[in-house]
Each structure stands twice: as C-alpha cells, then as structure tokens.
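Asker: See structure07.pdb below, with PDB, C-alpha atoms and all ligand atoms.
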MODEL        1
ATOM      1  CA  MET K   1     -42.073 -48.863  14.654  1.00  0.00           C
ATOM      2  CA  THR K   2     -38.980 -49.389  12.581  1.00  0.00           C
ATOM      3  CA  ARG K   3     -35.658 -49.706  14.349  1.00  0.00           C
ATOM      4  CA  LEU K   4     -32.736 -50.156  12.038  1.00  0.00           C
ATOM      5  CA  ILE K   5     -28.964 -50.081  11.806  1.00  0.00           C
ATOM      6  CA  ILE K   6     -27.016 -49.507   8.609  1.00  0.00           C
ATOM      7  CA  MET K   7     -23.454 -50.713   8.165  1.00  0.00           C
ATOM      8  CA  GLY K   8     -21.131 -50.415   5.235  1.00  0.00           C
ATOM      9  CA  PRO K   9     -17.478 -49.786   4.438  1.00  0.00           C
ATOM     10  CA  PRO K  10     -16.051 -46.327   3.741  1.00  0.00           C
ATOM     11  CA  GLY K  11     -16.996 -45.350   0.186  1.00  0.00           C
ATOM     12  CA  SER K  12     -20.078 -47.594   0.134  1.00  0.00           C
ATOM     13  CA  GLY K  13     -22.492 -44.639   0.056  1.00  0.00           C
ATOM     14  CA  LYS K  14     -23.804 -45.571   3.493  1.00  0.00           C
ATOM     15  CA  GLY K  15     -24.542 -42.005   4.646  1.00  0.00           C
ATOM     16  CA  THR K  16     -26.536 -41.221   1.502  1.00  0.00           C
ATOM     17  CA  GLN K  17     -28.458 -44.492   1.661  1.00  0.00           C
ATOM     18  CA  ALA K  18     -29.178 -43.862   5.345  1.00  0.00           C
ATOM     19  CA  GLU K  19     -30.851 -40.535   4.488  1.00  0.00           C
ATOM     20  CA  TYR K  20     -33.074 -42.015   1.762  1.00  0.00           C
ATOM     21  CA  ILE K  21     -34.034 -45.126   3.710  1.00  0.00           C
ATOM     22  CA  ALA K  22     -34.832 -43.113   6.843  1.00  0.00           C
ATOM     23  CA  ARG K  23     -36.986 -40.701   4.831  1.00  0.00           C
ATOM     24  CA  HIS K  24     -38.945 -43.619   3.340  1.00  0.00           C
ATOM     25  CA  PHE K  25     -39.785 -44.969   6.796  1.00  0.00           C
ATOM     26  CA  GLY K  26     -40.367 -41.525   8.331  1.00  0.00           C
ATOM     27  CA  ILE K  27     -37.660 -42.016  10.961  1.00  0.00           C
ATOM     28  CA  PRO K  28     -34.530 -40.000  11.794  1.00  0.00           C
ATOM     29  CA  ALA K  29     -31.122 -41.159  10.507  1.00  0.00           C
ATOM     30  CA  ILE K  30     -28.822 -40.888  13.499  1.00  0.00           C
ATOM     31  CA  SER K  31     -25.128 -40.702  12.623  1.00  0.00           C
ATOM     32  CA  THR K  32     -22.752 -40.743  15.592  1.00  0.00           C
ATOM     33  CA  GLY K  33     -20.012 -39.225  13.383  1.00  0.00           C
ATOM     34  CA  ASP K  34     -22.326 -36.302  12.478  1.00  0.00           C
ATOM     35  CA  ILE K  35     -23.347 -35.766  16.094  1.00  0.00           C
ATOM     36  CA  PHE K  36     -19.709 -35.746  17.219  1.00  0.00           C
ATOM     37  CA  ARG K  37     -18.782 -33.330  14.422  1.00  0.00           C
ATOM     38  CA  ALA K  38     -21.630 -31.003  15.424  1.00  0.00           C
ATOM     39  CA  HIS K  39     -20.349 -31.011  19.014  1.00  0.00           C
ATOM     40  CA  VAL K  40     -16.800 -30.333  17.843  1.00  0.00           C
ATOM     41  CA  GLY K  41     -18.092 -27.458  15.677  1.00  0.00           C
ATOM     42  CA  GLY K  42     -20.095 -26.043  18.601  1.00  0.00           C
ATOM     43  CA  ASN K  43     -17.106 -26.431  20.922  1.00  0.00           C
ATOM     44  CA  THR K  44     -19.185 -28.197  23.586  1.00  0.00           C
ATOM     45  CA  ALA K  45     -17.576 -30.173  26.425  1.00  0.00           C
ATOM     46  CA  LEU K  46     -18.442 -33.394  24.578  1.00  0.00           C
ATOM     47  CA  GLY K  47     -16.922 -31.980  21.392  1.00  0.00           C
ATOM     48  CA  VAL K  48     -13.678 -31.066  23.145  1.00  0.00           C
ATOM     49  CA  GLU K  49     -13.465 -34.580  24.616  1.00  0.00           C
ATOM     50  CA  ALA K  50     -14.397 -36.332  21.358  1.00  0.00           C
ATOM     51  CA  SER K  51     -12.013 -34.348  19.178  1.00  0.00           C
ATOM     52  CA  LYS K  52      -9.023 -35.712  21.119  1.00  0.00           C
ATOM     53  CA  PHE K  53      -9.853 -39.106  19.643  1.00  0.00           C
ATOM     54  CA  MET K  54     -11.371 -38.134  16.314  1.00  0.00           C
ATOM     55  CA  ASP K  55      -8.316 -36.115  15.305  1.00  0.00           C
ATOM     56  CA  SER K  56      -6.157 -39.214  15.393  1.00  0.00           C
ATOM     57  CA  GLY K  57      -8.769 -41.492  13.808  1.00  0.00           C
ATOM     58  CA  GLU K  58      -9.334 -43.374  17.076  1.00  0.00           C
ATOM     59  CA  PHE K  59     -12.706 -44.372  18.486  1.00  0.00           C
ATOM     60  CA  VAL K  60     -14.257 -42.063  21.036  1.00  0.00           C
ATOM     61  CA  PRO K  61     -14.395 -44.127  24.294  1.00  0.00           C
ATOM     62  CA  ASP K  62     -17.460 -46.362  24.583  1.00  0.00           C
ATOM     63  CA  HIS K  63     -18.803 -44.763  27.760  1.00  0.00           C
ATOM     64  CA  VAL K  64     -18.892 -41.352  26.049  1.00  0.00           C
ATOM     65  CA  THR K  65     -20.482 -42.681  22.846  1.00  0.00           C
ATOM     66  CA  ASN K  66     -22.994 -44.860  24.682  1.00  0.00           C
ATOM     67  CA  ALA K  67     -24.116 -41.995  26.915  1.00  0.00           C
ATOM     68  CA  MET K  68     -24.619 -39.807  23.874  1.00  0.00           C
ATOM     69  CA  ILE K  69     -26.727 -42.452  22.099  1.00  0.00           C
ATOM     70  CA  ARG K  70     -28.752 -43.151  25.226  1.00  0.00           C
ATOM     71  CA  GLN K  71     -29.634 -39.472  25.370  1.00  0.00           C
ATOM     72  CA  ARG K  72     -30.349 -39.267  21.613  1.00  0.00           C
ATOM     73  CA  LEU K  73     -32.681 -42.280  21.729  1.00  0.00           C
ATOM     74  CA  GLY K  74     -34.593 -40.560  24.522  1.00  0.00           C
ATOM     75  CA  ASN K  75     -35.624 -37.750  22.156  1.00  0.00           C
ATOM     76  CA  THR K  76     -39.263 -37.532  21.146  1.00  0.00           C
ATOM     77  CA  ASP K  77     -38.463 -37.762  17.410  1.00  0.00           C
ATOM     78  CA  VAL K  78     -37.637 -41.481  17.682  1.00  0.00           C
ATOM     79  CA  GLY K  79     -41.272 -42.340  18.395  1.00  0.00           C
ATOM     80  CA  ALA K  80     -41.650 -44.088  15.029  1.00  0.00           C
ATOM     81  CA  GLY K  81     -38.197 -45.656  15.249  1.00  0.00           C
ATOM     82  CA  PHE K  82     -34.705 -44.745  14.019  1.00  0.00           C
ATOM     83  CA  LEU K  83     -31.900 -45.686  11.680  1.00  0.00           C
ATOM     84  CA  LEU K  84     -28.486 -45.764  13.335  1.00  0.00           C
ATOM     85  CA  ASP K  85     -25.490 -45.000  11.145  1.00  0.00           C
ATOM     86  CA  GLY K  86     -22.000 -45.518  12.599  1.00  0.00           C
ATOM     87  CA  TYR K  87     -23.202 -47.169  15.813  1.00  0.00           C
ATOM     88  CA  PRO K  88     -22.715 -49.730  17.288  1.00  0.00           C
ATOM     89  CA  ARG K  89     -19.104 -50.203  16.251  1.00  0.00           C
ATOM     90  CA  THR K  90     -17.828 -52.399  19.082  1.00  0.00           C
ATOM     91  CA  THR K  91     -19.333 -55.373  20.899  1.00  0.00           C
ATOM     92  CA  SER K  92     -19.575 -53.327  24.076  1.00  0.00           C
ATOM     93  CA  GLN K  93     -21.653 -50.775  22.157  1.00  0.00           C
ATOM     94  CA  ILE K  94     -23.960 -53.629  21.088  1.00  0.00           C
ATOM     95  CA  ASP K  95     -24.460 -54.506  24.750  1.00  0.00           C
ATOM     96  CA  ALA K  96     -25.150 -50.869  25.613  1.00  0.00           C
ATOM     97  CA  LEU K  97     -27.692 -50.555  22.799  1.00  0.00           C
ATOM     98  CA  ASP K  98     -29.384 -53.792  23.880  1.00  0.00           C
ATOM     99  CA  GLY K  99     -29.646 -52.359  27.392  1.00  0.00           C
ATOM    100  CA  ILE K 100     -31.128 -49.070  26.197  1.00  0.00           C
ATOM    101  CA  LEU K 101     -33.687 -50.819  23.978  1.00  0.00           C
ATOM    102  CA  SER K 102     -34.722 -53.496  26.433  1.00  0.00           C
ATOM    103  CA  GLY K 103     -35.125 -50.802  29.097  1.00  0.00           C
ATOM    104  CA  ASN K 104     -37.682 -49.236  26.745  1.00  0.00           C
ATOM    105  CA  GLN K 105     -39.266 -52.634  25.886  1.00  0.00           C
ATOM    106  CA  GLN K 106     -37.957 -52.270  22.341  1.00  0.00           C
ATOM    107  CA  GLN K 107     -35.917 -54.367  19.969  1.00  0.00           C
ATOM    108  CA  LEU K 108     -34.055 -54.004  16.694  1.00  0.00           C
ATOM    109  CA  ASP K 109     -35.848 -54.937  13.496  1.00  0.00           C
ATOM    110  CA  ALA K 110     -32.972 -55.248  11.054  1.00  0.00           C
ATOM    111  CA  VAL K 111     -29.337 -54.480  10.314  1.00  0.00           C
ATOM    112  CA  VAL K 112     -28.715 -53.466   6.703  1.00  0.00           C
ATOM    113  CA  ALA K 113     -25.198 -54.450   5.619  1.00  0.00           C
ATOM    114  CA  LEU K 114     -24.174 -52.773   2.364  1.00  0.00           C
ATOM    115  CA  THR K 115     -21.710 -54.950   0.510  1.00  0.00           C
ATOM    116  CA  VAL K 116     -19.365 -53.523  -2.102  1.00  0.00           C
ATOM    117  CA  GLY K 117     -16.234 -55.261  -3.421  1.00  0.00           C
ATOM    118  CA  ASP K 118     -12.881 -53.756  -2.390  1.00  0.00           C
ATOM    119  CA  ASP K 119     -11.811 -52.999  -5.982  1.00  0.00           C
ATOM    120  CA  GLU K 120     -15.017 -51.045  -6.605  1.00  0.00           C
ATOM    121  CA  LEU K 121     -14.600 -49.153  -3.318  1.00  0.00           C
ATOM    122  CA  VAL K 122     -10.994 -48.243  -4.067  1.00  0.00           C
ATOM    123  CA  ASP K 123     -12.034 -47.005  -7.541  1.00  0.00           C
ATOM    124  CA  ARG K 124     -14.875 -44.886  -6.130  1.00  0.00           C
ATOM    125  CA  MET K 125     -12.738 -43.368  -3.401  1.00  0.00           C
ATOM    126  CA  LEU K 126      -9.887 -42.600  -5.784  1.00  0.00           C
ATOM    127  CA  ARG K 127     -12.365 -40.918  -8.148  1.00  0.00           C
ATOM    128  CA  ARG K 128     -13.806 -38.889  -5.276  1.00  0.00           C
ATOM    129  CA  ALA K 129     -10.325 -37.904  -4.081  1.00  0.00           C
ATOM    130  CA  GLN K 130      -9.474 -36.725  -7.604  1.00  0.00           C
ATOM    131  CA  GLU K 131     -12.718 -34.755  -7.944  1.00  0.00           C
ATOM    132  CA  GLN K 132     -12.029 -33.030  -4.640  1.00  0.00           C
ATOM    133  CA  GLY K 133      -8.426 -32.331  -5.611  1.00  0.00           C
ATOM    134  CA  ARG K 134      -6.998 -34.474  -2.831  1.00  0.00           C
ATOM    135  CA  SER K 135      -3.705 -36.243  -3.284  1.00  0.00           C
ATOM    136  CA  ASP K 136      -3.541 -38.029   0.103  1.00  0.00           C
ATOM    137  CA  ASP K 137      -6.157 -40.668  -0.695  1.00  0.00           C
ATOM    138  CA  THR K 138      -3.893 -43.155  -2.401  1.00  0.00           C
ATOM    139  CA  ALA K 139      -4.870 -46.750  -3.189  1.00  0.00           C
ATOM    140  CA  PRO K 140      -2.719 -48.332  -0.412  1.00  0.00           C
ATOM    141  CA  VAL K 141      -4.081 -45.922   2.215  1.00  0.00           C
ATOM    142  CA  ILE K 142      -7.646 -46.585   1.098  1.00  0.00           C
ATOM    143  CA  ARG K 143      -7.047 -50.341   1.214  1.00  0.00           C
ATOM    144  CA  ARG K 144      -5.724 -49.992   4.752  1.00  0.00           C
ATOM    145  CA  ARG K 145      -8.849 -48.080   5.829  1.00  0.00           C
ATOM    146  CA  LEU K 146     -11.005 -50.837   4.358  1.00  0.00           C
ATOM    147  CA  GLU K 147      -8.967 -53.448   6.218  1.00  0.00           C
ATOM    148  CA  LEU K 148      -9.456 -51.563   9.487  1.00  0.00           C
ATOM    149  CA  TYR K 149     -13.175 -51.269   8.836  1.00  0.00           C
ATOM    150  CA  ARG K 150     -13.422 -55.039   8.364  1.00  0.00           C
ATOM    151  CA  ASP K 151     -11.447 -55.758  11.535  1.00  0.00           C
ATOM    152  CA  GLU K 152     -13.630 -53.349  13.441  1.00  0.00           C
ATOM    153  CA  THR K 153     -17.030 -54.435  12.227  1.00  0.00           C
ATOM    154  CA  GLN K 154     -16.616 -58.159  11.752  1.00  0.00           C
ATOM    155  CA  ALA K 155     -17.493 -58.923  15.367  1.00  0.00           C
ATOM    156  CA  VAL K 156     -20.490 -56.585  15.265  1.00  0.00           C
ATOM    157  CA  VAL K 157     -21.911 -58.152  12.096  1.00  0.00           C
ATOM    158  CA  ALA K 158     -21.248 -61.630  13.509  1.00  0.00           C
ATOM    159  CA  ARG K 159     -23.239 -60.875  16.656  1.00  0.00           C
ATOM    160  CA  TYR K 160     -26.229 -59.588  14.705  1.00  0.00           C
ATOM    161  CA  SER K 161     -25.978 -62.452  12.202  1.00  0.00           C
ATOM    162  CA  GLU K 162     -26.428 -64.893  15.079  1.00  0.00           C
ATOM    163  CA  ARG K 163     -29.751 -63.191  15.760  1.00  0.00           C
ATOM    164  CA  GLY K 164     -30.769 -63.578  12.107  1.00  0.00           C
ATOM    165  CA  ILE K 165     -31.469 -59.875  11.591  1.00  0.00           C
ATOM    166  CA  VAL K 166     -28.715 -58.982   9.085  1.00  0.00           C
ATOM    167  CA  LEU K 167     -29.908 -58.056   5.592  1.00  0.00           C
ATOM    168  CA  ALA K 168     -27.028 -58.055   3.088  1.00  0.00           C
ATOM    169  CA  VAL K 169     -27.734 -55.549   0.322  1.00  0.00           C
ATOM    170  CA  ASP K 170     -25.549 -55.312  -2.764  1.00  0.00           C
ATOM    171  CA  GLY K 171     -24.232 -51.746  -2.700  1.00  0.00           C
ATOM    172  CA  ALA K 172     -22.893 -51.705  -6.288  1.00  0.00           C
ATOM    173  CA  GLY K 173     -24.770 -49.798  -8.985  1.00  0.00           C
ATOM    174  CA  GLN K 174     -27.173 -46.842  -9.119  1.00  0.00           C
ATOM    175  CA  ARG K 175     -28.098 -45.027  -5.920  1.00  0.00           C
ATOM    176  CA  GLU K 176     -31.846 -45.360  -6.592  1.00  0.00           C
ATOM    177  CA  ASN K 177     -31.655 -49.101  -7.219  1.00  0.00           C
ATOM    178  CA  ILE K 178     -29.671 -49.723  -4.057  1.00  0.00           C
ATOM    179  CA  THR K 179     -32.165 -47.685  -2.002  1.00  0.00           C
ATOM    180  CA  ALA K 180     -35.053 -49.663  -3.523  1.00  0.00           C
ATOM    181  CA  LYS K 181     -33.348 -52.999  -2.779  1.00  0.00           C
ATOM    182  CA  ALA K 182     -32.637 -51.988   0.813  1.00  0.00           C
ATOM    183  CA  ILE K 183     -36.221 -50.791   1.385  1.00  0.00           C
ATOM    184  CA  SER K 184     -37.753 -53.947  -0.024  1.00  0.00           C
ATOM    185  CA  ALA K 185     -35.409 -56.146   2.055  1.00  0.00           C
ATOM    186  CA  ILE K 186     -36.378 -54.211   5.192  1.00  0.00           C
ATOM    187  CA  GLU K 187     -40.089 -54.340   4.380  1.00  0.00           C
ATOM    188  CA  SER K 188     -40.036 -58.062   3.852  1.00  0.00           C
ATOM    189  CA  ALA K 189     -38.105 -58.546   7.118  1.00  0.00           C
ATOM    190  CA  LEU K 190     -40.660 -56.363   8.931  1.00  0.00           C
ATOM    191  CA  GLY K 191     -43.480 -58.358   7.329  1.00  0.00           C
ATOM    192  CA  LYS K 192     -41.976 -61.588   8.615  1.00  0.00           C
ATOM    193  CA  GLY K 193     -41.825 -60.062  12.075  1.00  0.00           C
ATOM    194  CA  LEU K 194     -38.086 -60.657  12.300  1.00  0.00           C
TER     195      LEU K 194
HETATM  196  P1  LIG A 201     -17.622 -41.427  10.991  1.00  0.00           P
HETATM  197  O1  LIG A 201     -18.133 -40.173  10.368  1.00  0.00           O
HETATM  198  O2  LIG A 201     -18.715 -42.424  11.256  1.00  0.00           O
HETATM  199  O3  LIG A 201     -16.460 -42.028  10.246  1.00  0.00           O
HETATM  200  O4  LIG A 201     -17.060 -41.024  12.433  1.00  0.00           O
HETATM  201  C1  LIG A 201     -16.043 -40.056  12.587  1.00  0.00           C
HETATM  202  C2  LIG A 201     -15.340 -40.272  13.912  1.00  0.00           C
HETATM  203  O5  LIG A 201     -16.251 -40.134  14.992  1.00  0.00           O
HETATM  204  C3  LIG A 201     -14.713 -41.645  14.098  1.00  0.00           C
HETATM  205  O6  LIG A 201     -13.427 -41.722  13.528  1.00  0.00           O
HETATM  206  C4  LIG A 201     -14.666 -41.763  15.622  1.00  0.00           C
HETATM  207  O7  LIG A 201     -13.605 -40.993  16.139  1.00  0.00           O
HETATM  208  C5  LIG A 201     -15.959 -41.090  16.014  1.00  0.00           C
HETATM  209  N1  LIG A 201     -17.072 -42.071  16.074  1.00  0.00           N
HETATM  210  C6  LIG A 201     -18.180 -42.124  15.283  1.00  0.00           C
HETATM  211  N2  LIG A 201     -18.980 -43.143  15.647  1.00  0.00           N
HETATM  212  C7  LIG A 201     -18.365 -43.762  16.694  1.00  0.00           C
HETATM  213  C8  LIG A 201     -18.674 -44.879  17.492  1.00  0.00           C
HETATM  214  N3  LIG A 201     -19.797 -45.614  17.292  1.00  0.00           N
HETATM  215  N4  LIG A 201     -17.805 -45.222  18.472  1.00  0.00           N
HETATM  216  C9  LIG A 201     -16.693 -44.509  18.697  1.00  0.00           C
HETATM  217  N5  LIG A 201     -16.316 -43.447  17.957  1.00  0.00           N
HETATM  218  C10 LIG A 201     -17.152 -43.063  16.969  1.00  0.00           C
ENDMDL
END
Just dump the structure as structure tokens.
Ligand code: AMP

Answerer:
Amino acid sequence: MTRLIIMGPPGSGKGTQAEYIARHFGIPAISTGDIFRAHVGGNTALGVEASKFMDSGEFVPDHVTNAMIRQRLGNTDVGAGFLLDGYPRTTSQIDALDGILSGNQQQLDAVVALTVGDDELVDRMLRRAQEQGRSDDTAPVIRRRLELYRDETQAVVARYSERGIVLAVDGAGQRENITAKAISAIESALGKGL
C-alpha cells in the first residue's frame, strides 16, 4: 500500500512526475484538475458547477471537491494505493482527506514536495509559452501565479511537515533524474515505516 501526495509549483513538472512515480508504484495518479476538466468536457452537472470557478481561476468549493475525492478514493483501482496531484489544496481539504482515510483505516505515507527556484520556473514557463506561441504568459504574470501558489500551499505543507511526512525533492534538472530521486526518497520513507 502506497498512499502519496505530490505538490509542486506551476512549471515544476509535477503532472509528468506524478505519472512516472505512480507507474513505478503501480498506483493511479489522481489529478483533481484533470477530473474537473473531464467533467467540464463531458458537460456533467459537476462540470457545469466546477467551470463557474475554474473559468476565473478560483478554487472549486471544498464541499464539491471533497465529495468528488471521497467518491474517487472509493474506486476499486486504489487497492494498492494512490498518488494525489492537486489535492489537498486547503487545510479544510486536509481534514476531509484525513476523515476519508481514517474511515478506511488508512493513512498517508508521504508527501513529495518538488522544489524549483522561482527564476528557473519563470524561465521554463516563458520558454513553454514561446514554444506554444502564447504571448500572455509574461514574467510578471508568471511570478504572480507562483506567489499565489505559495500563499495557497504554505499552510498545507506546514501541516504535513508537522507530521514528518514531507519529502523535499529537488525538481531542477533532467526528468529521469528527478523521478529517480523522488522514487528513492519515497522508498526509503516507506522502509522506515513513516
Ligand atoms: P489544476 O490543473 O490543478 O491547476 O486545476 C485546475 C482548476 O481546477 C483549478 O484552478 C481549480 O479551479 C480546480 N481545482 C483543481 N484542484 C482543486 C482543489 N484541490 N480544490 C479546489 N479546486 C481545484
């Protein structure tokens, strides 16, 4: 059983790392952003509700997000564990996740926090914006998004740090090397029974 969370700023390669790490452990990577986007694309009731918030860059309300995760973690494919990407993002979501897990007599094994310096992130995102022919991703806007990310996640990381389950992984460099570092950090945490 491997129950993990991955956190990382925009541009840190979090989604890609989530896929590789999850594959290594044979668990699903569960991205709340992807699930919401699928609902929006399928025009479901949840999608209609979520898009009101997503369109303006706001958080979908906690009760909606928590209910969705509760349902997702009830699926049979999480038997070997899961890797959450994009959740929890608020302290009330932490409480909800704790409730879901303790109700199932489960607990989290580790929280992988990808760390990448702001200058590196701004460079990467500007490069990506250029490659995709976008002109709206300017350095000040990107810096603002990074600032918001830090405001938003600081409390979440702090809560998990208190429990001693945060694994900081340097997210600069080659994709393969970062994946390998994350996997070995997780394996040693699992070995210690953290
Ligand atoms: P992401 O792809 O993770 O950036 O998520 C895209 C959008 O989905 C966000 O801007 C939010 O509107 C919504 N979203 C994703 N995850 C959450 C979450 N944990 N809590 C609230 N809203 C979320």

Asker: Around ligand LIG 201 (chain A), which protein and nucleic acid residues have at least one atom no more than 7 Å from it, if we count all atoms listed in the file? List them as an mmCIF file with C-alpha atoms, in the frame of the given file.

Answerer:
data_model
loop_
_atom_site.group_PDB
_atom_site.id
_atom_site.type_symbol
_atom_site.label_atom_id
_atom_site.label_comp_id
_atom_site.auth_asym_id
_atom_site.auth_seq_id
_atom_site.Cartn_x
_atom_site.Cartn_y
_atom_site.Cartn_z
ATOM 1 C CA SER K 31 -25.128 -40.702 12.623
ATOM 2 C CA THR K 32 -22.752 -40.743 15.592
ATOM 3 C CA GLY K 33 -20.012 -39.225 13.383
ATOM 4 C CA ASP K 34 -22.326 -36.302 12.478
ATOM 5 C CA PHE K 36 -19.709 -35.746 17.219
ATOM 6 C CA PHE K 53 -9.853 -39.106 19.643
ATOM 7 C CA MET K 54 -11.371 -38.134 16.314
ATOM 8 C CA GLY K 57 -8.769 -41.492 13.808
ATOM 9 C CA GLU K 58 -9.334 -43.374 17.076
ATOM 10 C CA PHE K 59 -12.706 -44.372 18.486
ATOM 11 C CA VAL K 60 -14.257 -42.063 21.036
ATOM 12 C CA PRO K 61 -14.395 -44.127 24.294
ATOM 13 C CA ASP K 62 -17.460 -46.362 24.583
ATOM 14 C CA THR K 65 -20.482 -42.681 22.846
ATOM 15 C CA GLY K 86 -22.000 -45.518 12.599
ATOM 16 C CA TYR K 87 -23.202 -47.169 15.813
ATOM 17 C CA PRO K 88 -22.715 -49.730 17.288
ATOM 18 C CA ARG K 89 -19.104 -50.203 16.251
#

Asker: Show which residues sit within 8 Å of segment 153-156 of chain K, as a ChimeraX atom specification. Count all atoms listed in the file, and ignore same-chain residues fewer than 3 positions away.

Answerer: /K:88-91,94,149-150,159-160

Asker: Would you kindly translate the PyMOL selection byres (((chain K and resi 179) around 12) and not hetatm) into the concrete residues it picks from this file, as an MDAnalysis selection string?

Answerer: chainID K and resid 6 13:25 112 114 169:178 180:186

Asker: Go ahead and write the residues just picked, C-alpha atoms, as a PDB file, keeping the file's coordinate frame.

Answerer:
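And here's again-v3.pdb as it stands now:
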ATOM      1  CA  ILE K   6     -27.016 -49.507   8.609  1.00  0.00           C
ATOM      2  CA  GLY K  13     -22.492 -44.639   0.056  1.00  0.00           C
ATOM      3  CA  LYS K  14     -23.804 -45.571   3.493  1.00  0.00           C
ATOM      4  CA  GLY K  15     -24.542 -42.005   4.646  1.00  0.00           C
ATOM      5  CA  THR K  16     -26.536 -41.221   1.502  1.00  0.00           C
ATOM      6  CA  GLN K  17     -28.458 -44.492   1.661  1.00  0.00           C
ATOM      7  CA  ALA K  18     -29.178 -43.862   5.345  1.00  0.00           C
ATOM      8  CA  GLU K  19     -30.851 -40.535   4.488  1.00  0.00           C
ATOM      9  CA  TYR K  20     -33.074 -42.015   1.762  1.00  0.00           C
ATOM     10  CA  ILE K  21     -34.034 -45.126   3.710  1.00  0.00           C
ATOM     11  CA  ALA K  22     -34.832 -43.113   6.843  1.00  0.00           C
ATOM     12  CA  ARG K  23     -36.986 -40.701   4.831  1.00  0.00           C
ATOM     13  CA  HIS K  24     -38.945 -43.619   3.340  1.00  0.00           C
ATOM     14  CA  PHE K  25     -39.785 -44.969   6.796  1.00  0.00           C
ATOM     15  CA  VAL K 112     -28.715 -53.466   6.703  1.00  0.00           C
ATOM     16  CA  LEU K 114     -24.174 -52.773   2.364  1.00  0.00           C
ATOM     17  CA  VAL K 169     -27.734 -55.549   0.322  1.00  0.00           C
ATOM     18  CA  ASP K 170     -25.549 -55.312  -2.764  1.00  0.00           C
ATOM     19  CA  GLY K 171     -24.232 -51.746  -2.700  1.00  0.00           C
ATOM     20  CA  ALA K 172     -22.893 -51.705  -6.288  1.00  0.00           C
ATOM     21  CA  GLY K 173     -24.770 -49.798  -8.985  1.00  0.00           C
ATOM     22  CA  GLN K 174     -27.173 -46.842  -9.119  1.00  0.00           C
ATOM     23  CA  ARG K 175     -28.098 -45.027  -5.920  1.00  0.00           C
ATOM     24  CA  GLU K 176     -31.846 -45.360  -6.592  1.00  0.00           C
ATOM     25  CA  ASN K 177     -31.655 -49.101  -7.219  1.00  0.00           C
ATOM     26  CA  ILE K 178     -29.671 -49.723  -4.057  1.00  0.00           C
ATOM     27  CA  ALA K 180     -35.053 -49.663  -3.523  1.00  0.00           C
ATOM     28  CA  LYS K 181     -33.348 -52.999  -2.779  1.00  0.00           C
ATOM     29  CA  ALA K 182     -32.637 -51.988   0.813  1.00  0.00           C
ATOM     30  CA  ILE K 183     -36.221 -50.791   1.385  1.00  0.00           C
ATOM     31  CA  SER K 184     -37.753 -53.947  -0.024  1.00  0.00           C
ATOM     32  CA  ALA K 185     -35.409 -56.146   2.055  1.00  0.00           C
ATOM     33  CA  ILE K 186     -36.378 -54.211   5.192  1.00  0.00           C
TER      34      ILE K 186
END

Asker: Under the PyMOL selection byres (((chain K and resi 189) around 12) and not hetatm), which residues of this model are included? Write them out as an MDAnalysis selection string.

Answerer: chainID K and resid 2:4 108:112 164:168 182:188 190:194

Asker: For atom CA of Gln132 of chain K and atom CA of Leu146 of chain K, quote the distance in Å rounded to one decimal.

Answerer: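 Pair atom CA of Gln132 of chain K / atom CA of Leu146 of chain K returns 20.0 Å.
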
Asker: Measuring between only C-alpha atoms, which one of K:Lys52, K:Arg163, K:Arg144, K:His39 shows the shortest distance to Asp118 of chain K?

Answerer: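 Of all the options, K:Arg144 lies closest to Asp118 of chain K.
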
Asker: As a check of understanding, name the residues that the PyMOL selection byres (((chain K and resi 138) around 9) and not hetatm) selects in the supplied structure, as a list in words.

Answerer: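 For this structure, the PyMOL selection byres (((chain K and resi 138) around 9) and not hetatm) captures Val122, Met125, Leu126, Ala129, Ser135, Asp136, Asp137, Ala139, Pro140, Val141, Ile142 and Arg143 of chain K.
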
Asker: Could you save those same residues with C-alpha atoms as a compact mmCIF listing (two decimals), in the frame of the given file?

Answerer:
# COMPACT_ATOMS: atom_id res chain seq x y z
CA VAL K 122 -10.99 -48.24 -4.07
CA MET K 125 -12.74 -43.37 -3.40
CA LEU K 126 -9.89 -42.60 -5.78
CA ALA K 129 -10.32 -37.90 -4.08
CA SER K 135 -3.70 -36.24 -3.28
CA ASP K 136 -3.54 -38.03 0.10
CA ASP K 137 -6.16 -40.67 -0.70
CA ALA K 139 -4.87 -46.75 -3.19
CA PRO K 140 -2.72 -48.33 -0.41
CA VAL K 141 -4.08 -45.92 2.22
CA ILE K 142 -7.65 -46.58 1.10
CA ARG K 143 -7.05 -50.34 1.21

Asker: Please determine an axis-aligned box that encloses all atoms of segment 94-104 of chain K listed in the file, with 5 Å added on each side, and express its centre and edge lengths in Å to one decimal as lines of an AutoDock Vina configuration file.

Answerer:
center_x = -30.8
center_y = -51.8
center_z = 25.1
size_x = 23.7
size_y = 15.4
size_z = 18.0

Asker: Can you pull out every residue within 8 Å of Met1 of chain K, counting only C-alpha atoms, but drop anything in the same chain fewer than 2 positions away, and send it as a VMD selection string?

Answerer: chain K and resid 3 79 to 81

Asker: Rounded to one decimal, what separation in Å do you get between atom CA of Thr76 of chain K and atom CA of Val64 of chain K?

Answerer: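 Taking atom CA of Thr76 of chain K and atom CA of Val64 of chain K, their separation equals 21.3 Å.
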
Asker: Please determine, counting all atoms listed in the file, which residue among K:Ala50, K:Met7, K:Leu84, K:Leu73 has the shortest atom-to-atom distance to Asn104 of chain K.

Answerer: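 Closest to Asn104 of chain K, using all atoms listed in the file: K:Leu73.
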
Asker: Between atom CA of Glu152 of chain K and atom CA of Gly103 of chain K, what is the distance, to one decimal in Å?

Answerer: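 These two atoms are separated by 26.7 Å.
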
Asker: Between K:Asn43, K:Asp98, K:His63, K:Ile5, which is the closest to Asp85 of chain K once you count all atoms listed in the file?

Answerer: K:Ile5

Asker: Find the residue from K:Val78, K:Arg124, K:Gln107, K:Leu97 that sits nearest to Ala29 of chain K; use only C-alpha atoms when measuring.

Answerer: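 Checking each of K:Val78, K:Arg124, K:Gln107, K:Leu97 against Ala29 of chain K, counting only C-alpha atoms, the winner is K:Val78.
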
Asker: With the input short on atoms, add N, CA and C atoms back to segment 159-164 of chain K and write it as a compact mmCIF listing (two decimals), in the frame of the given file.

Answerer:
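And here's part_14.txt as it stands now:
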# COMPACT_ATOMS: atom_id res chain seq x y z
N ARG K 159 -22.27 -60.82 15.55
CA ARG K 159 -23.24 -60.88 16.66
C ARG K 159 -24.67 -60.73 16.15
N TYR K 160 -24.87 -59.79 15.23
CA TYR K 160 -26.23 -59.59 14.70
C TYR K 160 -26.63 -60.72 13.77
N SER K 161 -25.66 -61.32 13.08
CA SER K 161 -25.98 -62.45 12.20
C SER K 161 -26.53 -63.61 13.01
N GLU K 162 -25.94 -63.81 14.20
CA GLU K 162 -26.43 -64.89 15.08
C GLU K 162 -27.91 -64.71 15.41
N ARG K 163 -28.34 -63.46 15.45
CA ARG K 163 -29.75 -63.19 15.76
C ARG K 163 -30.64 -63.27 14.52
N GLY K 164 -30.00 -63.44 13.35
CA GLY K 164 -30.77 -63.58 12.11
C GLY K 164 -31.42 -62.29 11.64
